[in-house]
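File shown here: target_26.json, holding JSON, C-alpha atoms.
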```json
[["chain", "number", "residue", "atom", "x", "y", "z"],
["A", 1254, "MET", "CA", 24.03, -58.50, -30.10],
["A", 1255, "ALA", "CA", 21.72, -55.66, -29.08],
["A", 1256, "LEU", "CA", 22.82, -52.92, -26.74],
["A", 1257, "GLU", "CA", 21.85, -53.68, -23.15],
["A", 1258, "LEU", "CA", 21.28, -50.82, -20.73],
["A", 1259, "TYR", "CA", 21.39, -51.60, -17.02],
["A", 1260, "ALA", "CA", 19.53, -48.69, -15.52],
["A", 1261, "HIS", "CA", 16.42, -47.39, -13.78],
["A", 1262, "PRO", "CA", 14.05, -44.84, -15.37],
["A", 1263, "PHE", "CA", 13.87, -42.67, -12.21],
["A", 1264, "SER", "CA", 17.66, -42.33, -11.99],
["A", 1265, "SER", "CA", 18.93, -38.98, -13.26],
["A", 1266, "TYR", "CA", 22.11, -40.47, -14.72],
["A", 1267, "SER", "CA", 20.07, -43.21, -16.38],
["A", 1268, "GLN", "CA", 17.85, -40.53, -17.89],
["A", 1269, "LYS", "CA", 20.94, -38.76, -19.19],
["A", 1270, "VAL", "CA", 21.77, -41.81, -21.31],
["A", 1271, "LEU", "CA", 18.15, -42.51, -22.21],
["A", 1272, "ILE", "CA", 17.79, -39.00, -23.63],
["A", 1273, "ALA", "CA", 20.83, -39.62, -25.84],
["A", 1274, "LEU", "CA", 19.40, -42.95, -27.01],
["A", 1275, "TYR", "CA", 15.99, -41.42, -27.73],
["A", 1276, "GLU", "CA", 17.51, -38.46, -29.58],
["A", 1277, "ASN", "CA", 18.88, -40.84, -32.20],
["A", 1278, "GLY", "CA", 16.29, -43.60, -31.99],
["A", 1279, "THR", "CA", 19.04, -46.05, -31.05],
["A", 1280, "PRO", "CA", 17.58, -49.51, -30.29],
["A", 1281, "PHE", "CA", 18.53, -51.12, -27.01],
["A", 1282, "GLN", "CA", 17.31, -53.66, -24.50],
["A", 1283, "TRP", "CA", 16.29, -52.59, -21.00],
["A", 1284, "ARG", "CA", 17.89, -54.35, -18.06],
["A", 1285, "LEU", "CA", 15.80, -52.86, -15.28],
["A", 1286, "LEU", "CA", 17.66, -52.59, -11.98],
["A", 1287, "ALA", "CA", 14.87, -52.98, -9.46],
["A", 1288, "PRO", "CA", 14.04, -55.17, -6.44],
["A", 1289, "GLU", "CA", 11.61, -57.21, -8.51],
["A", 1290, "HIS", "CA", 14.49, -58.30, -10.77],
["A", 1291, "PRO", "CA", 17.19, -59.59, -8.37],
["A", 1292, "ASP", "CA", 18.75, -61.74, -11.09],
["A", 1293, "ILE", "CA", 19.42, -58.70, -13.28],
["A", 1294, "TYR", "CA", 20.94, -56.81, -10.37],
["A", 1295, "GLN", "CA", 23.13, -59.78, -9.48],
["A", 1296, "THR", "CA", 24.43, -59.94, -13.06],
["A", 1297, "PHE", "CA", 25.05, -56.19, -13.03],
["A", 1298, "ALA", "CA", 26.91, -56.28, -9.71],
["A", 1299, "GLY", "CA", 29.00, -59.16, -10.99],
["A", 1300, "PHE", "CA", 30.48, -57.21, -13.91],
["A", 1301, "TRP", "CA", 30.48, -53.75, -12.27],
["A", 1302, "PRO", "CA", 31.30, -54.05, -8.53],
["A", 1303, "MET", "CA", 30.99, -50.27, -8.00],
["A", 1304, "LYS", "CA", 27.25, -50.87, -8.47],
["A", 1305, "ARG", "CA", 26.64, -47.44, -9.96],
["A", 1306, "PHE", "CA", 24.38, -47.19, -12.94],
["A", 1307, "PRO", "CA", 23.74, -46.81, -15.81],
["A", 1308, "VAL", "CA", 26.03, -49.31, -17.49],
["A", 1309, "LEU", "CA", 25.92, -50.20, -21.18],
["A", 1310, "VAL", "CA", 26.89, -53.67, -22.39],
["A", 1311, "GLU", "CA", 27.59, -54.63, -25.98],
["A", 1312, "ASP", "CA", 29.11, -57.96, -27.08],
["A", 1313, "GLY", "CA", 30.59, -58.44, -23.63],
["A", 1314, "ARG", "CA", 32.09, -54.95, -23.48],
["A", 1315, "ILE", "CA", 31.21, -53.07, -20.29],
["A", 1316, "VAL", "CA", 30.79, -49.30, -20.64],
["A", 1317, "PRO", "CA", 30.08, -47.52, -17.31],
["A", 1318, "GLU", "CA", 29.40, -43.84, -16.55],
["A", 1319, "ALA", "CA", 26.76, -41.82, -18.38],
["A", 1320, "THR", "CA", 29.07, -39.41, -20.21],
["A", 1321, "THR", "CA", 31.32, -42.23, -21.39],
["A", 1322, "ILE", "CA", 28.29, -44.19, -22.59],
["A", 1323, "ILE", "CA", 27.04, -41.24, -24.65],
["A", 1324, "GLU", "CA", 30.48, -40.76, -26.21],
["A", 1325, "TYR", "CA", 30.63, -44.50, -26.93],
["A", 1326, "LEU", "CA", 27.26, -44.33, -28.66],
["A", 1327, "GLY", "CA", 28.46, -41.43, -30.77],
["A", 1328, "ILE", "CA", 31.44, -43.48, -31.97],
["A", 1329, "HIS", "CA", 29.85, -46.89, -32.43],
["A", 1330, "HIS", "CA", 26.18, -46.05, -33.01],
["A", 1331, "PRO", "CA", 26.06, -42.57, -34.55],
["A", 1332, "GLY", "CA", 22.71, -41.15, -35.50],
["A", 1333, "PRO", "CA", 21.29, -38.00, -37.05],
["A", 1334, "VAL", "CA", 21.80, -35.99, -33.86],
["A", 1335, "GLN", "CA", 25.48, -35.42, -33.18],
["A", 1336, "LEU", "CA", 25.72, -34.92, -29.43],
["A", 1337, "LEU", "CA", 29.46, -34.24, -29.38],
["A", 1338, "PRO", "CA", 30.92, -32.02, -32.12],
["A", 1339, "HIS", "CA", 33.77, -33.29, -34.28],
["A", 1340, "ASP", "CA", 35.49, -29.94, -33.93],
["A", 1341, "PRO", "CA", 37.79, -30.31, -30.89],
["A", 1342, "VAL", "CA", 37.28, -26.75, -29.67],
["A", 1343, "ALA", "CA", 33.48, -27.07, -29.79],
["A", 1344, "ALA", "CA", 33.71, -30.53, -28.21],
["A", 1345, "LEU", "CA", 35.76, -29.08, -25.35],
["A", 1346, "GLU", "CA", 33.00, -26.57, -24.60],
["A", 1347, "VAL", "CA", 30.40, -29.35, -24.56],
["A", 1348, "ARG", "CA", 32.54, -31.44, -22.20],
["A", 1349, "SER", "CA", 33.10, -28.40, -19.98],
["A", 1350, "MET", "CA", 29.37, -27.76, -19.63],
["A", 1351, "ASP", "CA", 28.78, -31.48, -19.11],
["A", 1352, "ARG", "CA", 31.17, -31.41, -16.15],
["A", 1353, "PHE", "CA", 29.46, -28.30, -14.82],
["A", 1354, "PHE", "CA", 26.07, -30.01, -14.69],
["A", 1355, "ASP", "CA", 27.54, -33.19, -13.20],
["A", 1356, "ASN", "CA", 29.67, -31.51, -10.54],
["A", 1357, "TYR", "CA", 27.77, -28.35, -9.60],
["A", 1358, "ILE", "CA", 24.13, -29.27, -10.18],
["A", 1359, "SER", "CA", 23.81, -33.04, -9.81],
["A", 1360, "THR", "CA", 26.36, -33.62, -7.03],
["A", 1361, "PRO", "CA", 24.98, -31.05, -4.54],
["A", 1362, "GLN", "CA", 21.40, -32.00, -5.45],
["A", 1363, "GLN", "CA", 22.12, -35.63, -4.63],
["A", 1364, "LYS", "CA", 23.81, -34.59, -1.38],
["A", 1365, "ILE", "CA", 20.54, -33.03, -0.25],
["A", 1366, "VAL", "CA", 18.50, -36.07, -1.25],
["A", 1367, "PHE", "CA", 20.81, -38.67, 0.26],
["A", 1368, "ASP", "CA", 21.06, -36.73, 3.52],
["A", 1369, "SER", "CA", 17.26, -36.72, 3.80],
["A", 1370, "MET", "CA", 17.42, -40.53, 3.87],
["A", 1371, "ARG", "CA", 19.77, -40.65, 6.85],
["A", 1372, "PRO", "CA", 18.34, -41.43, 10.29],
["A", 1373, "GLU", "CA", 18.14, -38.68, 12.88],
["A", 1374, "GLY", "CA", 21.44, -38.18, 14.60],
["A", 1375, "GLN", "CA", 23.37, -38.92, 11.42],
["A", 1376, "LYS", "CA", 22.34, -35.89, 9.39],
["A", 1377, "ASP", "CA", 25.05, -33.75, 7.81],
["A", 1378, "VAL", "CA", 23.60, -30.31, 8.43],
["A", 1379, "THR", "CA", 26.75, -28.49, 7.33],
["A", 1380, "GLY", "CA", 27.09, -30.61, 4.21],
["A", 1381, "VAL", "CA", 23.51, -29.91, 3.16],
["A", 1382, "ALA", "CA", 23.94, -26.19, 3.78],
["A", 1383, "ASP", "CA", 27.08, -26.24, 1.64],
["A", 1384, "ALA", "CA", 25.21, -28.14, -1.08],
["A", 1385, "ARG", "CA", 22.41, -25.58, -1.14],
["A", 1386, "GLU", "CA", 24.94, -22.76, -1.30],
["A", 1387, "MET", "CA", 26.68, -24.49, -4.20],
["A", 1388, "LEU", "CA", 23.37, -24.82, -6.06],
["A", 1389, "GLU", "CA", 22.65, -21.13, -5.56],
["A", 1390, "THR", "CA", 26.09, -20.28, -6.92],
["A", 1391, "ALA", "CA", 25.62, -22.67, -9.85],
["A", 1392, "TYR", "CA", 22.17, -21.28, -10.66],
["A", 1393, "ALA", "CA", 23.58, -17.74, -10.68],
["A", 1394, "TRP", "CA", 26.46, -18.66, -12.99],
["A", 1395, "LEU", "CA", 24.18, -20.64, -15.29],
["A", 1396, "ASP", "CA", 21.67, -17.80, -15.44],
["A", 1397, "LYS", "CA", 24.32, -15.47, -16.86],
["A", 1398, "THR", "CA", 25.63, -18.15, -19.21],
["A", 1399, "MET", "CA", 22.20, -18.98, -20.63],
["A", 1400, "ALA", "CA", 21.27, -15.34, -21.27],
["A", 1401, "THR", "CA", 22.35, -15.67, -24.91],
["A", 1402, "ARG", "CA", 22.04, -19.42, -25.45],
["A", 1403, "GLU", "CA", 19.20, -21.75, -26.38],
["A", 1404, "TRP", "CA", 21.03, -24.90, -25.32],
["A", 1405, "ALA", "CA", 23.99, -25.49, -23.03],
["A", 1406, "THR", "CA", 26.66, -24.45, -25.51],
["A", 1407, "GLY", "CA", 24.68, -22.43, -28.02],
["A", 1408, "ASP", "CA", 22.19, -23.28, -30.75],
["A", 1409, "THR", "CA", 22.71, -27.05, -30.85],
["A", 1410, "PHE", "CA", 21.40, -29.69, -28.43],
["A", 1411, "SER", "CA", 24.37, -31.69, -27.15],
["A", 1412, "LEU", "CA", 25.67, -34.20, -24.63],
["A", 1413, "ALA", "CA", 25.68, -31.41, -22.04],
["A", 1414, "ASP", "CA", 21.94, -30.92, -22.44],
["A", 1415, "CYS", "CA", 21.36, -34.65, -21.99],
["A", 1416, "GLY", "CA", 22.66, -34.24, -18.45],
["A", 1417, "ALA", "CA", 21.25, -30.78, -17.82],
["A", 1418, "ALA", "CA", 17.69, -32.02, -18.34],
["A", 1419, "PRO", "CA", 17.43, -34.55, -15.50],
["A", 1420, "PHE", "CA", 19.82, -32.69, -13.23],
["A", 1421, "LEU", "CA", 17.93, -29.39, -13.37],
["A", 1422, "PHE", "CA", 14.67, -31.32, -13.22],
["A", 1423, "TYR", "CA", 15.54, -32.86, -9.84],
["A", 1424, "ALA", "CA", 17.54, -29.87, -8.60],
["A", 1425, "ASP", "CA", 14.41, -27.71, -8.77],
["A", 1426, "TRP", "CA", 12.62, -30.32, -6.67],
["A", 1427, "SER", "CA", 15.42, -30.39, -4.09],
["A", 1428, "HIS", "CA", 16.37, -26.70, -3.99],
["A", 1429, "ARG", "CA", 13.86, -24.58, -5.86],
["A", 1430, "ILE", "CA", 15.28, -22.39, -8.62],
["A", 1431, "ASP", "CA", 14.46, -18.83, -7.57],
["A", 1432, "THR", "CA", 12.45, -16.71, -10.00],
["A", 1433, "LYS", "CA", 15.36, -14.27, -10.18],
["A", 1434, "PHE", "CA", 17.13, -16.92, -12.28],
["A", 1435, "ALA", "CA", 14.73, -16.47, -15.18],
["A", 1436, "ASN", "CA", 17.17, -17.76, -17.80],
["A", 1437, "VAL", "CA", 17.68, -21.00, -15.90],
["A", 1438, "ILE", "CA", 13.94, -21.49, -15.50],
["A", 1439, "ALA", "CA", 13.39, -20.84, -19.21],
["A", 1440, "TYR", "CA", 16.18, -23.26, -20.14],
["A", 1441, "ARG", "CA", 14.71, -25.94, -17.88],
["A", 1442, "LYS", "CA", 11.33, -25.46, -19.59],
["A", 1443, "ARG", "CA", 12.93, -25.84, -23.02],
["A", 1444, "LEU", "CA", 14.62, -29.02, -21.91],
["A", 1445, "LEU", "CA", 11.39, -30.46, -20.52],
["A", 1446, "ALA", "CA", 9.64, -29.75, -23.82],
["A", 1447, "ARG", "CA", 12.22, -31.70, -25.86],
["A", 1448, "PRO", "CA", 10.59, -34.97, -27.08],
["A", 1449, "SER", "CA", 13.44, -37.18, -25.86],
["A", 1450, "VAL", "CA", 13.25, -35.58, -22.42],
["A", 1451, "VAL", "CA", 9.45, -35.80, -22.33],
["A", 1452, "ARG", "CA", 9.72, -39.52, -22.96],
["A", 1453, "ALA", "CA", 12.31, -40.03, -20.22],
["A", 1454, "VAL", "CA", 10.30, -37.99, -17.72],
["A", 1455, "ASP", "CA", 7.07, -39.82, -18.56],
["A", 1456, "GLU", "CA", 8.71, -43.22, -18.16],
["A", 1457, "ALA", "CA", 9.82, -42.20, -14.67],
["A", 1458, "ARG", "CA", 6.40, -40.95, -13.50],
["A", 1459, "PRO", "CA", 5.32, -44.26, -11.92],
["A", 1460, "TYR", "CA", 8.29, -44.04, -9.55],
["A", 1461, "ARG", "CA", 7.84, -40.50, -8.24],
["A", 1462, "HIS", "CA", 6.66, -41.74, -4.86],
["A", 1463, "PHE", "CA", 10.24, -42.92, -4.29],
["A", 1464, "PHE", "CA", 11.59, -39.36, -4.19],
["A", 1465, "PRO", "CA", 12.68, -38.96, -0.54],
["A", 1466, "LEU", "CA", 11.84, -35.25, -0.29],
["A", 1467, "GLY", "CA", 8.39, -35.76, -1.77],
["A", 1468, "ALA", "CA", 7.83, -35.15, -5.46],
["A", 1469, "PRO", "CA", 6.14, -31.77, -6.02],
["A", 1470, "ASP", "CA", 2.85, -31.62, -7.87],
["A", 1471, "ARG", "CA", 4.34, -30.11, -11.02],
["A", 1472, "ASP", "CA", 6.40, -31.08, -14.05]]
```

Please re-express this file's structure in structure tokens.
Amino acid sequence: MALELYAHPFSSYSQKVLIALYENGTPFQWRLLAPEHPDIYQTFAGFWPMKRFPVLVEDGRIVPEATTIIEYLGIHHPGPVQLLPHDPVAALEVRSMDRFFDNYISTPQQKIVFDSMRPEGQKDVTGVADAREMLETAYAWLDKTMATREWATGDTFSLADCGAAPFLFYADWSHRIDTKFANVIAYRKRLLARPSVVRAVDEARPYRHFFPLGAPDRD
């Protein structure tokens, strides 16, 4: 059976997996999680009650969580682009950077977005301030780290870059990357020029009006 991906093209974590799939030209079937497809969402919620996507399904096997999906693809559907090195030391560095982008770029960015959707009187002002401070700290650390690197861990595009692309993409929309972080800005530009990322971004364009903070007229 073909790989089935339960996801939405505007979702950053969905894009993380899509970029990995596009890097290797791995065939899969879309299972679009959207209001116009309630039957697909019902099926998805039935096998993954946490209702967080993306989720990959193959021959009845349920594989949740973007990082796990990409590692699964590398084992069961390897392609010409090796997104996780075989060398355990190099793989550890990739996983470390992957966690950095998940925890210190994506998580605070989503905090800002989700808070903007709360009704007045239920806003978490302190939480948003903390999230913005975390992003500033993360941008500063990443700027130093990327001073001598082309991709997240060096010269090779990896799993970590699959996540960095959508996370930095939306982070700049939610909390603008200051020009003083020139290495981060340059890295983001390199990511957005990568063909797999271009495809994922283009597929998400029709949904930009859904961005709660208002999608900027760039990118």

Quick one: residues within 9 Å of stretch 1406-1421 of chain A, all atoms listed in the file counted, chain neighbours fewer than 2 positions away excluded, as a VMD selection string? chain A and resid 1264 to 1266 1268 to 1273 1319 to 1320 1323 to 1324 1334 to 1338 1343 1346 to 1355 1358 to 1359 1362 1398 to 1399 1401 to 1404 1423 to 1426 1430 1437 1441 1444 to 1445 1450 1453 to 1454

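Taking atom CA of A:Ala1260 and atom CA of A:Leu1286 as the two end points, the separation is 5.6 Å.
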
Could you state the separation of atom CA of A:Val1451 and atom CA of A:Ile1315 in Å, given to one decimal place? 27.9 Å

Excluding A:Pro1307 and its own-chain neighbours fewer than 2 positions away, which residues fall within 7 Å of it when counting all atoms listed in the file? Please give them as a PyMOL selection string. chain A and resi 1258-1260+1266-1267+1305+1309+1317-1319

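Among A:Val1342, A:Val1381, A:Ala1287, A:Ala1405, the residue with the shortest atom-to-atom distance to A:Tyr1460, counting only C-alpha atoms, is A:Ala1287.
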
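Take atom CA of A:Leu1256 and atom CA of A:Phe1281: the distance between them is 4.7 Å.
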